[in-house]
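Asker: Sending over input_34.csv (CSV, C-alpha atoms and all ligand atoms).
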```
chain,number,residue,atom,x,y,z
A,1,LEU,CA,-105.5,118.4,-53.4
A,2,ASP,CA,-107.7,116.3,-55.6
A,3,ASP,CA,-107.6,118.9,-58.4
A,4,VAL,CA,-103.8,119.4,-58.3
A,5,GLN,CA,-103.1,115.7,-58.5
A,6,ARG,CA,-104.2,115.7,-62.1
A,7,ILE,CA,-100.5,116.4,-62.9
A,8,VAL,CA,-100.0,112.7,-62.6
A,9,CYS,CA,-100.3,112.0,-66.3
A,10,VAL,CA,-96.8,113.0,-67.1
A,11,ARG,CA,-93.4,112.2,-65.5
A,12,VAL,CA,-92.2,115.0,-63.2
A,13,PHE,CA,-88.6,115.8,-62.7
A,14,LEU,CA,-87.9,117.8,-59.5
A,15,ILE,CA,-84.6,119.5,-58.9
A,16,GLY,CA,-83.7,120.9,-55.5
A,17,ALA,CA,-85.8,118.2,-54.0
A,18,SER,CA,-84.3,118.2,-50.5
A,19,GLY,CA,-84.8,122.0,-49.9
A,20,GLN,CA,-87.7,123.5,-48.0
A,21,LEU,CA,-90.0,123.8,-51.0
A,22,GLY,CA,-88.8,120.7,-52.8
A,23,THR,CA,-89.5,118.6,-49.6
A,24,ASP,CA,-93.1,119.9,-49.5
A,25,LEU,CA,-93.6,119.4,-53.3
A,26,ARG,CA,-92.6,115.7,-53.2
A,27,PRO,CA,-95.7,114.3,-51.6
A,28,LEU,CA,-97.9,116.2,-54.0
A,29,LEU,CA,-96.2,114.7,-57.1
A,30,PRO,CA,-96.8,111.3,-58.8
A,31,ALA,CA,-95.1,108.2,-57.4
A,32,ASP,CA,-92.8,108.0,-60.5
A,33,THR,CA,-91.4,111.5,-60.0
A,34,VAL,CA,-87.7,111.7,-60.3
A,35,ALA,CA,-86.7,114.0,-57.3
A,36,LEU,CA,-83.0,114.9,-57.1
A,37,ASP,CA,-80.7,117.3,-55.3
A,38,VAL,CA,-77.0,117.8,-54.9
A,39,PRO,CA,-74.8,115.7,-54.9
A,40,ASP,CA,-76.8,113.5,-57.2
A,41,ILE,CA,-77.5,116.3,-59.7
A,42,ASP,CA,-75.8,119.6,-60.3
A,43,VAL,CA,-77.5,122.3,-62.4
A,44,CYS,CA,-74.1,123.8,-63.1
A,45,ASP,CA,-72.9,120.6,-64.9
A,46,ARG,CA,-74.9,120.9,-68.2
A,47,ASP,CA,-73.8,117.6,-69.7
A,48,GLY,CA,-74.4,115.6,-66.5
A,49,LEU,CA,-77.8,117.3,-66.0
A,50,ALA,CA,-78.8,116.6,-69.6
A,51,GLN,CA,-77.8,112.9,-69.3
A,52,ILE,CA,-79.9,112.4,-66.1
A,53,MET,CA,-82.9,114.4,-67.5
A,54,ARG,CA,-82.9,112.5,-70.8
A,55,SER,CA,-83.0,109.2,-69.1
A,56,ALA,CA,-85.9,110.3,-67.0
A,57,ALA,CA,-87.8,111.6,-70.0
A,58,PRO,CA,-89.9,114.1,-68.0
A,59,GLY,CA,-93.0,115.9,-69.2
A,60,VAL,CA,-92.7,118.6,-66.5
A,61,VAL,CA,-89.5,119.9,-64.9
A,62,ILE,CA,-89.7,121.8,-61.6
A,63,ASN,CA,-86.5,123.7,-60.7
A,64,CYS,CA,-86.2,124.5,-57.0
A,65,ALA,CA,-82.4,124.4,-57.0
A,66,ALA,CA,-80.9,127.6,-55.8
A,67,GLN,CA,-78.2,129.3,-53.7
A,68,THR,CA,-80.6,130.9,-51.3
A,69,HIS,CA,-78.2,132.4,-48.7
A,70,VAL,CA,-78.7,136.1,-49.6
A,71,ASP,CA,-75.6,137.4,-47.8
A,72,GLY,CA,-73.5,134.4,-48.9
A,73,CYS,CA,-74.4,135.3,-52.5
A,74,GLU,CA,-73.0,138.8,-52.0
A,75,ASP,CA,-69.6,137.2,-51.0
A,76,ALA,CA,-69.6,134.6,-53.9
A,77,PRO,CA,-71.4,136.2,-56.9
A,78,GLU,CA,-70.0,133.7,-59.4
A,79,ALA,CA,-71.4,130.7,-57.5
A,80,ALA,CA,-74.7,132.5,-57.1
A,81,PHE,CA,-75.0,133.2,-60.8
A,82,ALA,CA,-73.7,129.7,-61.7
A,83,VAL,CA,-76.7,128.1,-59.9
A,84,ASN,CA,-79.5,130.6,-59.9
A,85,ALA,CA,-78.9,132.0,-63.4
A,86,ILE,CA,-76.7,129.8,-65.7
A,87,GLY,CA,-77.8,126.6,-64.0
A,88,ALA,CA,-81.5,127.6,-64.4
A,89,GLY,CA,-80.7,128.2,-68.1
A,90,HIS,CA,-79.3,124.7,-68.4
A,91,VAL,CA,-82.4,123.2,-66.9
A,92,ALA,CA,-84.7,125.1,-69.2
A,93,GLU,CA,-82.7,124.4,-72.3
A,94,VAL,CA,-82.6,120.7,-71.7
A,95,ALA,CA,-86.3,120.7,-70.8
A,96,ALA,CA,-87.0,122.5,-74.1
A,97,GLU,CA,-84.9,119.9,-76.0
A,98,LEU,CA,-87.0,117.1,-74.4
A,99,GLY,CA,-90.3,118.9,-75.0
A,100,ALA,CA,-90.9,119.2,-71.3
A,101,ARG,CA,-92.6,122.1,-69.6
A,102,VAL,CA,-90.3,123.9,-67.1
A,103,VAL,CA,-91.1,125.7,-63.8
A,104,TYR,CA,-88.6,128.1,-62.3
A,105,VAL,CA,-89.1,129.2,-58.7
A,106,SER,CA,-88.0,132.8,-58.2
A,107,THR,CA,-88.1,135.4,-55.5
A,108,ASP,CA,-89.6,138.7,-54.2
A,109,PHE,CA,-86.0,139.9,-54.0
A,110,VAL,CA,-86.0,140.7,-57.8
A,111,PHE,CA,-87.8,143.9,-56.6
A,112,GLY,CA,-86.6,146.6,-54.3
A,113,ALA,CA,-85.0,149.3,-56.4
A,114,ALA,CA,-88.3,151.2,-56.5
A,115,GLY,CA,-87.2,152.5,-53.1
A,116,ALA,CA,-90.1,154.2,-51.2
A,117,ARG,CA,-92.9,152.1,-52.7
A,118,GLU,CA,-95.6,151.0,-50.3
A,119,ALA,CA,-97.8,148.7,-52.4
A,120,ALA,CA,-97.1,145.0,-52.9
A,121,TYR,CA,-95.6,144.1,-56.3
A,122,VAL,CA,-97.7,142.5,-59.0
A,123,GLU,CA,-96.5,140.5,-62.0
A,124,GLY,CA,-96.4,143.4,-64.4
A,125,ASP,CA,-94.2,145.6,-62.2
A,126,VAL,CA,-90.7,146.1,-63.5
A,127,PRO,CA,-88.1,144.3,-61.4
A,128,GLY,CA,-85.1,146.0,-59.9
A,129,PRO,CA,-83.0,143.9,-57.6
A,130,LEU,CA,-80.8,145.3,-54.8
A,131,SER,CA,-78.6,142.2,-54.2
A,132,VAL,CA,-76.5,139.7,-56.0
A,133,TYR,CA,-79.1,137.0,-55.0
A,134,GLY,CA,-81.9,139.1,-56.5
A,135,ALA,CA,-79.9,139.8,-59.6
A,136,SER,CA,-79.0,136.2,-60.1
A,137,LYS,CA,-82.6,135.1,-59.7
A,138,LEU,CA,-83.8,137.7,-62.1
A,139,ALA,CA,-81.2,136.5,-64.6
A,140,GLY,CA,-82.5,132.9,-64.0
A,141,GLU,CA,-86.0,134.1,-64.9
A,142,HIS,CA,-84.7,135.6,-68.1
A,143,LEU,CA,-82.6,132.6,-69.1
A,144,THR,CA,-85.5,130.2,-68.3
A,145,LEU,CA,-88.0,132.2,-70.4
A,146,ALA,CA,-85.4,132.7,-73.2
A,147,ALA,CA,-85.0,128.9,-73.4
A,148,ASP,CA,-88.8,128.3,-73.2
A,149,PRO,CA,-91.1,131.3,-73.7
A,150,ALA,CA,-93.9,129.0,-72.4
A,151,ALA,CA,-92.1,128.4,-69.1
A,152,LEU,CA,-93.8,129.1,-65.7
A,153,VAL,CA,-91.9,131.4,-63.4
A,154,VAL,CA,-93.3,131.3,-59.8
A,155,ARG,CA,-92.1,134.2,-57.6
A,156,THR,CA,-92.6,133.7,-53.9
A,157,SER,CA,-91.6,135.5,-50.7
A,158,GLY,CA,-90.2,134.7,-47.3
A,159,LEU,CA,-90.4,130.9,-47.6
A,160,TYR,CA,-90.4,128.7,-44.5
A,161,GLY,CA,-90.9,124.9,-44.4
A,162,HIS,CA,-90.3,122.2,-41.9
A,163,ALA,CA,-87.4,120.9,-43.9
A,164,GLY,CA,-85.5,124.1,-43.3
A,165,ALA,CA,-83.0,125.4,-45.8
A,166,ARG,CA,-79.6,123.8,-45.4
A,167,GLY,CA,-77.9,126.8,-47.0
A,168,LYS,CA,-79.4,129.1,-44.3
A,169,GLY,CA,-79.3,126.7,-41.3
A,170,GLY,CA,-83.1,126.5,-41.0
A,171,ASN,CA,-85.5,129.4,-41.7
A,172,PHE,CA,-86.6,132.6,-40.0
A,173,VAL,CA,-89.3,130.9,-37.8
A,174,GLU,CA,-86.9,128.2,-36.6
A,175,THR,CA,-84.2,130.8,-36.0
A,176,MET,CA,-86.6,132.8,-33.8
A,177,LEU,CA,-87.6,129.7,-31.8
A,178,ARG,CA,-84.0,128.6,-31.4
A,179,LEU,CA,-82.9,131.9,-30.0
A,180,ALA,CA,-85.8,131.7,-27.5
A,181,ALA,CA,-84.8,128.1,-26.6
A,182,GLU,CA,-81.3,129.3,-26.0
A,183,GLY,CA,-82.6,131.7,-23.4
A,184,LYS,CA,-83.0,135.0,-25.3
A,185,THR,CA,-85.9,137.0,-23.7
A,186,GLU,CA,-85.5,140.1,-25.8
A,187,LEU,CA,-84.7,140.4,-29.5
A,188,ARG,CA,-84.4,143.3,-32.0
A,189,VAL,CA,-86.0,142.7,-35.4
A,190,VAL,CA,-86.2,145.0,-38.4
A,191,ALA,CA,-89.6,146.8,-38.7
A,192,ASP,CA,-89.0,148.6,-42.0
A,193,GLN,CA,-88.9,145.7,-44.4
A,194,CYS,CA,-92.2,144.3,-45.6
A,195,LEU,CA,-92.7,140.8,-47.2
A,196,SER,CA,-95.4,138.2,-47.7
A,197,PRO,CA,-94.2,135.3,-45.6
A,198,THR,CA,-95.3,132.1,-47.2
A,199,ALA,CA,-95.3,128.5,-46.0
A,200,THR,CA,-93.7,126.1,-48.4
A,201,ALA,CA,-96.7,123.7,-47.9
A,202,HIS,CA,-99.0,126.2,-49.5
A,203,CYS,CA,-96.6,127.4,-52.2
A,204,ALA,CA,-96.1,123.8,-53.2
A,205,ARG,CA,-99.8,123.3,-53.7
A,206,GLN,CA,-100.1,126.4,-55.8
A,207,ILE,CA,-97.2,125.4,-58.0
A,208,VAL,CA,-98.8,122.0,-58.7
A,209,ALA,CA,-102.2,123.6,-59.4
A,210,LEU,CA,-100.6,126.1,-61.8
A,211,VAL,CA,-98.8,123.3,-63.7
A,212,ASP,CA,-102.1,121.4,-63.8
A,213,ALA,CA,-103.8,124.5,-65.2
A,214,GLY,CA,-101.1,124.9,-67.9
A,215,ALA,CA,-100.0,128.3,-66.5
A,216,ARG,CA,-97.1,130.1,-68.2
A,217,GLY,CA,-95.1,133.3,-67.7
A,218,VAL,CA,-94.6,135.0,-64.3
A,219,VAL,CA,-97.1,134.3,-61.5
A,220,HIS,CA,-96.8,135.5,-57.9
A,221,VAL,CA,-97.6,132.9,-55.3
A,222,ALA,CA,-97.4,134.3,-51.7
A,223,ALA,CA,-99.4,135.1,-48.6
A,224,ALA,CA,-102.6,137.0,-49.3
A,225,ASP,CA,-101.3,139.9,-47.1
A,226,HIS,CA,-98.0,141.2,-45.8
A,227,CYS,CA,-96.1,142.3,-42.7
A,228,THR,CA,-92.7,143.4,-41.4
A,229,TRP,CA,-90.1,141.0,-40.1
A,230,HIS,CA,-90.8,142.5,-36.7
A,231,ALA,CA,-94.5,141.7,-36.9
A,232,PHE,CA,-93.7,138.2,-38.2
A,233,ALA,CA,-91.3,137.5,-35.3
A,234,SER,CA,-93.8,138.8,-32.8
A,235,ALA,CA,-96.5,136.5,-34.2
A,236,VAL,CA,-94.1,133.5,-34.0
A,237,PHE,CA,-93.6,134.0,-30.3
A,238,ALA,CA,-97.3,134.9,-29.6
A,239,LEU,CA,-98.6,131.9,-31.5
A,240,ALA,CA,-96.0,129.5,-30.0
A,241,GLY,CA,-96.7,130.8,-26.5
A,242,VAL,CA,-93.1,131.9,-25.9
A,243,ASP,CA,-92.4,134.9,-23.8
A,244,VAL,CA,-89.9,137.0,-25.8
A,245,VAL,CA,-90.1,140.8,-26.2
A,246,VAL,CA,-89.4,141.8,-29.8
A,247,HIS,CA,-88.1,145.4,-30.2
A,248,PRO,CA,-88.6,147.1,-33.6
A,249,ILE,CA,-85.4,148.4,-35.1
A,250,GLY,CA,-84.5,150.0,-38.5
A,251,SER,CA,-82.5,148.3,-41.2
A,252,ASP,CA,-79.7,150.7,-40.4
A,253,GLU,CA,-79.4,149.2,-36.9
A,254,TYR,CA,-79.0,145.7,-38.3
A,255,PRO,CA,-76.4,145.9,-41.1
A,256,GLN,CA,-76.2,142.9,-43.4
A,257,ARG,CA,-73.9,142.3,-46.4
A,258,ALA,CA,-76.8,142.3,-48.9
A,259,ARG,CA,-79.1,145.2,-49.4
A,260,ARG,CA,-82.7,144.2,-48.8
A,261,PRO,CA,-85.9,145.7,-50.2
A,262,ARG,CA,-88.0,147.9,-47.9
A,263,MET,CA,-91.0,146.5,-49.7
A,264,SER,CA,-91.0,143.1,-51.4
A,265,ALA,CA,-94.5,141.9,-50.7
A,266,LEU,CA,-96.1,140.1,-53.7
A,267,ARG,CA,-99.7,140.3,-54.9
A,268,SER,CA,-101.0,138.4,-57.9
A,269,GLU,CA,-103.1,139.7,-60.8
A,270,ARG,CA,-102.7,136.4,-62.6
A,271,LEU,CA,-103.7,133.5,-60.2
A,272,ALA,CA,-107.3,134.3,-60.9
A,273,ASP,CA,-106.8,133.7,-64.6
A,274,TYR,CA,-106.2,130.1,-63.6
A,275,GLY,CA,-109.1,129.9,-61.1
A,276,LEU,CA,-106.8,130.1,-58.1
A,277,ALA,CA,-106.8,132.3,-55.0
A,278,PRO,CA,-103.7,133.5,-53.3
A,279,CYS,CA,-102.2,131.6,-50.4
A,280,PRO,CA,-104.0,132.2,-47.0
A,281,PRO,CA,-103.0,135.2,-44.9
A,282,TRP,CA,-99.5,135.0,-43.5
A,283,ARG,CA,-100.7,134.6,-39.9
A,284,GLU,CA,-103.0,131.7,-40.8
A,285,MET,CA,-100.1,129.8,-42.5
A,286,LEU,CA,-97.8,130.5,-39.6
A,287,ALA,CA,-100.3,129.1,-37.1
A,288,GLU,CA,-100.7,126.0,-39.2
A,289,TYR,CA,-96.9,125.6,-39.6
A,290,LEU,CA,-96.4,125.9,-35.8
A,291,ALA,CA,-99.2,123.5,-35.0
A,292,ALA,CA,-97.6,120.9,-37.4
A,293,ARG,CA,-94.0,121.5,-36.2
A,294,PRO,CA,-92.3,118.2,-35.7
A,295,MET,CA,-90.6,119.5,-32.5
A,296,ALA,CA,-93.7,121.3,-31.2
A,297,PRO,CA,-94.0,120.9,-27.4
B,301,LIG,N1,-86.1,130.7,-48.8
B,301,LIG,C1,-86.8,131.8,-49.1
B,301,LIG,O1,-87.1,132.7,-48.3
B,301,LIG,C2,-87.2,132.1,-50.6
B,301,LIG,C3,-88.0,133.2,-50.8
B,301,LIG,C4,-88.4,133.4,-52.1
B,301,LIG,C5,-88.0,132.5,-53.1
B,301,LIG,N2,-87.3,131.5,-52.9
B,301,LIG,C6,-86.9,130.6,-53.9
B,301,LIG,O2,-87.6,129.4,-53.8
B,301,LIG,C7,-86.9,128.3,-54.2
B,301,LIG,C8,-86.8,127.2,-53.1
B,301,LIG,O3,-86.3,127.8,-52.0
B,301,LIG,P1,-86.0,127.0,-50.6
B,301,LIG,O4,-86.2,127.9,-49.5
B,301,LIG,O5,-86.7,125.7,-50.7
B,301,LIG,O6,-84.4,126.8,-50.8
B,301,LIG,P2,-83.5,125.6,-50.2
B,301,LIG,O7,-84.1,125.0,-49.1
B,301,LIG,O8,-82.1,126.3,-50.1
B,301,LIG,O9,-83.4,124.6,-51.4
B,301,LIG,C9,-82.7,124.7,-52.6
B,301,LIG,C10,-82.0,123.4,-52.9
B,301,LIG,O10,-81.2,123.5,-54.1
B,301,LIG,C11,-80.0,122.8,-53.8
B,301,LIG,N3,-78.9,123.2,-54.7
B,301,LIG,C12,-78.0,124.2,-54.5
B,301,LIG,N4,-77.1,124.2,-55.5
B,301,LIG,C13,-77.5,123.3,-56.4
B,301,LIG,C14,-77.0,122.8,-57.6
B,301,LIG,N5,-75.9,123.4,-58.2
B,301,LIG,N6,-77.7,121.8,-58.3
B,301,LIG,C15,-78.8,121.3,-57.8
B,301,LIG,N7,-79.3,121.7,-56.6
B,301,LIG,C16,-78.7,122.6,-55.9
B,301,LIG,C17,-79.7,123.1,-52.4
B,301,LIG,O11,-78.8,122.3,-51.8
B,301,LIG,P3,-77.8,122.9,-50.6
B,301,LIG,O12,-78.8,123.3,-49.5
B,301,LIG,O13,-76.9,121.7,-50.3
B,301,LIG,O14,-77.1,124.1,-51.2
B,301,LIG,C18,-81.1,122.9,-51.7
B,301,LIG,O15,-81.4,121.6,-51.4
B,301,LIG,C19,-85.5,128.8,-54.6
B,301,LIG,O16,-85.5,129.0,-56.0
B,301,LIG,C20,-85.4,130.2,-54.0
B,301,LIG,O17,-84.6,131.1,-54.7
B,301,LIG,C21,-86.8,131.2,-51.6
```
Please re-express this file's structure in structure tokens.
Answerer:
Amino acid sequence: LDDVQRIVCVRVFLIGASGQLGTDLRPLLPADTVALDVPDIDVCDRDGLAQIMRSAAPGVVINCAAQTHVDGCEDAPEAAFAVNAIGAGHVAEVAAELGARVVYVSTDFVFGAAGAREAAYVEGDVPGPLSVYGASKLAGEHLTLAADPAALVVRTSGLYGHAGARGKGGNFVETMLRLAAEGKTELRVVADQCLSPTATAHCARQIVALVDAGARGVVHVAAADHCTWHAFASAVFALAGVDVVVHPIGSDEYPQRARRPRMSALRSERLADYGLAPCPPWREMLAEYLAARPMAP
């Protein structure tokens, strides 16, 4: 972390600071960072946002604010676009007015329309979202880069952090462990959707290192490898020493409101440009997360 803490020479403004990723970013940022979340800041309220940002006079703005409930976004597309797209545009426009660098955090769910693809997506691949959430985040990328062509857009995948995501009632790892604690001994989990599950602790470090390196444009930050949700759930129980049988099922056996990509794993061809390696393999990050879990037995 010594390297990444060079960011300290400018004031940082962090939005979405109470979310999973925002919570793990905070300790990596300088002491005078302004870190806010709803209800103290609302990216949909451009005037209020501009007033708060102006008074903070930031040099770097990191936007982690999002509507992240993928199925909820399907039911409320206006609210999803208001935060993930138009709100992101507000943040980037105000940052540009103030001469601050802006970072927008985006998602692997901007991909998926390529259908039968088997390889992980790299930065140069053409996005094609399948859901309102994915479309709203892709629009957020465009609006951010339109306001500031030098913006940094960090796409990540399957985030989980100890803070949990309020909008989702936790995260996938915590949901699996809660179901086990409630007495489930068998679970069915989809085995035909691939992702690069990434711990927010590692994603946060990479974001700070990228800012420090002056990175711009789209950069993928995710686990060095990928797996299915079924493999991920199985590893949660194996590593936590919990006896639950996880049955592999197809997406068609677990209908959800939003369509999800069969493949949304991310690989980076750009991290190396900034002297950075990908995050560790997913299993390694998961073991670390479980070992540091506040409620670990
Ligand atoms: N979670 C994932 O699996 C995943 C995967 C890939 C990429 N991402 C992206 O990574 C970023 C961080 O995700 P995360 O998991 O840390 O999400 P999170 O825990 O849901 O954090 C997002 C934060 O933004 C806040 N927020 C919502 N609407 C807002 C508004 N109008 N103004 C200001 N703040 C607002 C949320 O508050 P409330 O909770 O009260 O709504 C929440 O505290 C997001 O951009 C997300 O799209 C997430």
Asker: Around the point (-76.4, 117.1, -57.9) (coordinates from the file), which residues reach within 12 Å if we count only C-alpha atoms? Answer as JSON, numbers by chain.
Answerer: {"A": [14, 15, 16, 17, 18, 35, 36, 37, 38, 39, 40, 41, 42, 43, 44, 45, 46, 48, 49, 50, 52, 53, 65, 66, 83, 87]}
Asker: With C-alpha atoms retained, export the selected residues as a PDB file, in the frame of the given file.
Answerer:
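Wrote it out as selection_38.pdb, contents follow:
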```pdb
ATOM      1  CA  LEU A  14     -87.900 117.800 -59.500  1.00  0.00           C
ATOM      2  CA  ILE A  15     -84.600 119.500 -58.900  1.00  0.00           C
ATOM      3  CA  GLY A  16     -83.700 120.900 -55.500  1.00  0.00           C
ATOM      4  CA  ALA A  17     -85.800 118.200 -54.000  1.00  0.00           C
ATOM      5  CA  SER A  18     -84.300 118.200 -50.500  1.00  0.00           C
ATOM      6  CA  ALA A  35     -86.700 114.000 -57.300  1.00  0.00           C
ATOM      7  CA  LEU A  36     -83.000 114.900 -57.100  1.00  0.00           C
ATOM      8  CA  ASP A  37     -80.700 117.300 -55.300  1.00  0.00           C
ATOM      9  CA  VAL A  38     -77.000 117.800 -54.900  1.00  0.00           C
ATOM     10  CA  PRO A  39     -74.800 115.700 -54.900  1.00  0.00           C
ATOM     11  CA  ASP A  40     -76.800 113.500 -57.200  1.00  0.00           C
ATOM     12  CA  ILE A  41     -77.500 116.300 -59.700  1.00  0.00           C
ATOM     13  CA  ASP A  42     -75.800 119.600 -60.300  1.00  0.00           C
ATOM     14  CA  VAL A  43     -77.500 122.300 -62.400  1.00  0.00           C
ATOM     15  CA  CYS A  44     -74.100 123.800 -63.100  1.00  0.00           C
ATOM     16  CA  ASP A  45     -72.900 120.600 -64.900  1.00  0.00           C
ATOM     17  CA  ARG A  46     -74.900 120.900 -68.200  1.00  0.00           C
ATOM     18  CA  GLY A  48     -74.400 115.600 -66.500  1.00  0.00           C
ATOM     19  CA  LEU A  49     -77.800 117.300 -66.000  1.00  0.00           C
ATOM     20  CA  ALA A  50     -78.800 116.600 -69.600  1.00  0.00           C
ATOM     21  CA  ILE A  52     -79.900 112.400 -66.100  1.00  0.00           C
ATOM     22  CA  MET A  53     -82.900 114.400 -67.500  1.00  0.00           C
ATOM     23  CA  ALA A  65     -82.400 124.400 -57.000  1.00  0.00           C
ATOM     24  CA  ALA A  66     -80.900 127.600 -55.800  1.00  0.00           C
ATOM     25  CA  VAL A  83     -76.700 128.100 -59.900  1.00  0.00           C
ATOM     26  CA  GLY A  87     -77.800 126.600 -64.000  1.00  0.00           C
TER      27      GLY A  87
END
```
Asker: Calculated over all atoms listed in the file, which of the candidates A:Pro27, A:Gly183, A:Gly99, A:Gly161 has the smallest distance to ligand LIG 301 (chain B)?
Answerer: A:Gly161
Asker: From the list A:Pro261, A:Pro58, A:Pro281, A:Gly128, which residue is nearest Ala223 in chain A when using all atoms listed in the file?
Answerer: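 Closest residue, counting all atoms listed in the file: A:Pro281.
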Asker: My list of candidates is A:Ala201, A:Leu152, A:Ala31, A:Leu177. Which is closest to Val219 in chain A when distances are computed with all atoms listed in the file?
Answerer: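 The shortest atom-to-atom distance to Val219 in chain A comes from A:Leu152.
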Asker: Might you pull out every residue within 10 Å of Tyr274 in chain A, with all atoms listed in the file counted and same-chain residues fewer than 5 positions away left off, and present them as a ChimeraX atom specification?
Answerer: /A:209-210,212-215
Asker: Write a file of the selected residues as a short mmCIF file (atom, residue, chain, number, x, y, z; two decimals), in the frame of the given file, keeping C-alpha atoms.
Answerer:
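Result saved to out_36.cif:
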```cif
data_model
loop_
_atom_site.label_atom_id
_atom_site.label_comp_id
_atom_site.auth_asym_id
_atom_site.auth_seq_id
_atom_site.Cartn_x
_atom_site.Cartn_y
_atom_site.Cartn_z
CA ALA A 209 -102.20 123.60 -59.40
CA LEU A 210 -100.60 126.10 -61.80
CA ASP A 212 -102.10 121.40 -63.80
CA ALA A 213 -103.80 124.50 -65.20
CA GLY A 214 -101.10 124.90 -67.90
CA ALA A 215 -100.00 128.30 -66.50
#
```
Asker: CA of Ala231 in chain A and CA of Thr175 in chain A, how far apart in Å?
Answerer: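 A separation of 15.0 Å between them.
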Asker: Please rebuild range 57-68 of chain A with N, CA, C and O atoms and give the result as an mmCIF file, keeping the file's coordinate frame.
Answerer:
```cif
data_model
loop_
_atom_site.group_PDB
_atom_site.id
_atom_site.type_symbol
_atom_site.label_atom_id
_atom_site.label_comp_id
_atom_site.auth_asym_id
_atom_site.auth_seq_id
_atom_site.Cartn_x
_atom_site.Cartn_y
_atom_site.Cartn_z
ATOM 1 N N ALA A 57 -86.819 111.194 -69.044
ATOM 2 C CA ALA A 57 -87.800 111.600 -70.000
ATOM 3 C C ALA A 57 -89.059 112.257 -69.393
ATOM 4 O O ALA A 57 -90.183 111.762 -69.467
ATOM 5 N N PRO A 58 -88.828 113.397 -68.760
ATOM 6 C CA PRO A 58 -89.900 114.100 -68.000
ATOM 7 C C PRO A 58 -90.873 114.822 -68.982
ATOM 8 O O PRO A 58 -90.488 115.221 -70.083
ATOM 9 N N GLY A 59 -92.106 115.023 -68.506
ATOM 10 C CA GLY A 59 -93.000 115.900 -69.200
ATOM 11 C C GLY A 59 -93.079 117.283 -68.538
ATOM 12 O O GLY A 59 -93.442 118.276 -69.155
ATOM 13 N N VAL A 60 -92.703 117.327 -67.245
ATOM 14 C CA VAL A 60 -92.700 118.600 -66.500
ATOM 15 C C VAL A 60 -91.378 118.587 -65.660
ATOM 16 O O VAL A 60 -91.055 117.579 -65.021
ATOM 17 N N VAL A 61 -90.663 119.717 -65.679
ATOM 18 C CA VAL A 61 -89.500 119.900 -64.900
ATOM 19 C C VAL A 61 -89.666 121.025 -63.905
ATOM 20 O O VAL A 61 -89.969 122.141 -64.339
ATOM 21 N N ILE A 62 -89.535 120.759 -62.612
ATOM 22 C CA ILE A 62 -89.700 121.800 -61.600
ATOM 23 C C ILE A 62 -88.337 122.111 -60.995
ATOM 24 O O ILE A 62 -87.724 121.231 -60.381
ATOM 25 N N ASN A 63 -87.857 123.328 -61.192
ATOM 26 C CA ASN A 63 -86.500 123.700 -60.700
ATOM 27 C C ASN A 63 -86.558 124.525 -59.471
ATOM 28 O O ASN A 63 -86.800 125.732 -59.507
ATOM 29 N N CYS A 64 -86.322 123.846 -58.342
ATOM 30 C CA CYS A 64 -86.200 124.500 -57.000
ATOM 31 C C CYS A 64 -84.801 124.702 -56.589
ATOM 32 O O CYS A 64 -84.553 125.157 -55.469
ATOM 33 N N ALA A 65 -83.846 124.298 -57.418
ATOM 34 C CA ALA A 65 -82.400 124.400 -57.000
ATOM 35 C C ALA A 65 -82.023 125.845 -56.940
ATOM 36 O O ALA A 65 -82.333 126.629 -57.828
ATOM 37 N N ALA A 66 -81.341 126.197 -55.874
ATOM 38 C CA ALA A 66 -80.900 127.600 -55.800
ATOM 39 C C ALA A 66 -79.834 127.729 -54.682
ATOM 40 O O ALA A 66 -79.747 126.916 -53.764
ATOM 41 N N GLN A 67 -79.054 128.778 -54.842
ATOM 42 C CA GLN A 67 -78.200 129.300 -53.700
ATOM 43 C C GLN A 67 -79.093 130.328 -53.083
ATOM 44 O O GLN A 67 -79.330 131.393 -53.652
ATOM 45 N N THR A 68 -79.596 130.038 -51.880
ATOM 46 C CA THR A 68 -80.600 130.900 -51.300
ATOM 47 C C THR A 68 -80.044 131.774 -50.129
ATOM 48 O O THR A 68 -80.796 132.544 -49.534
#
```
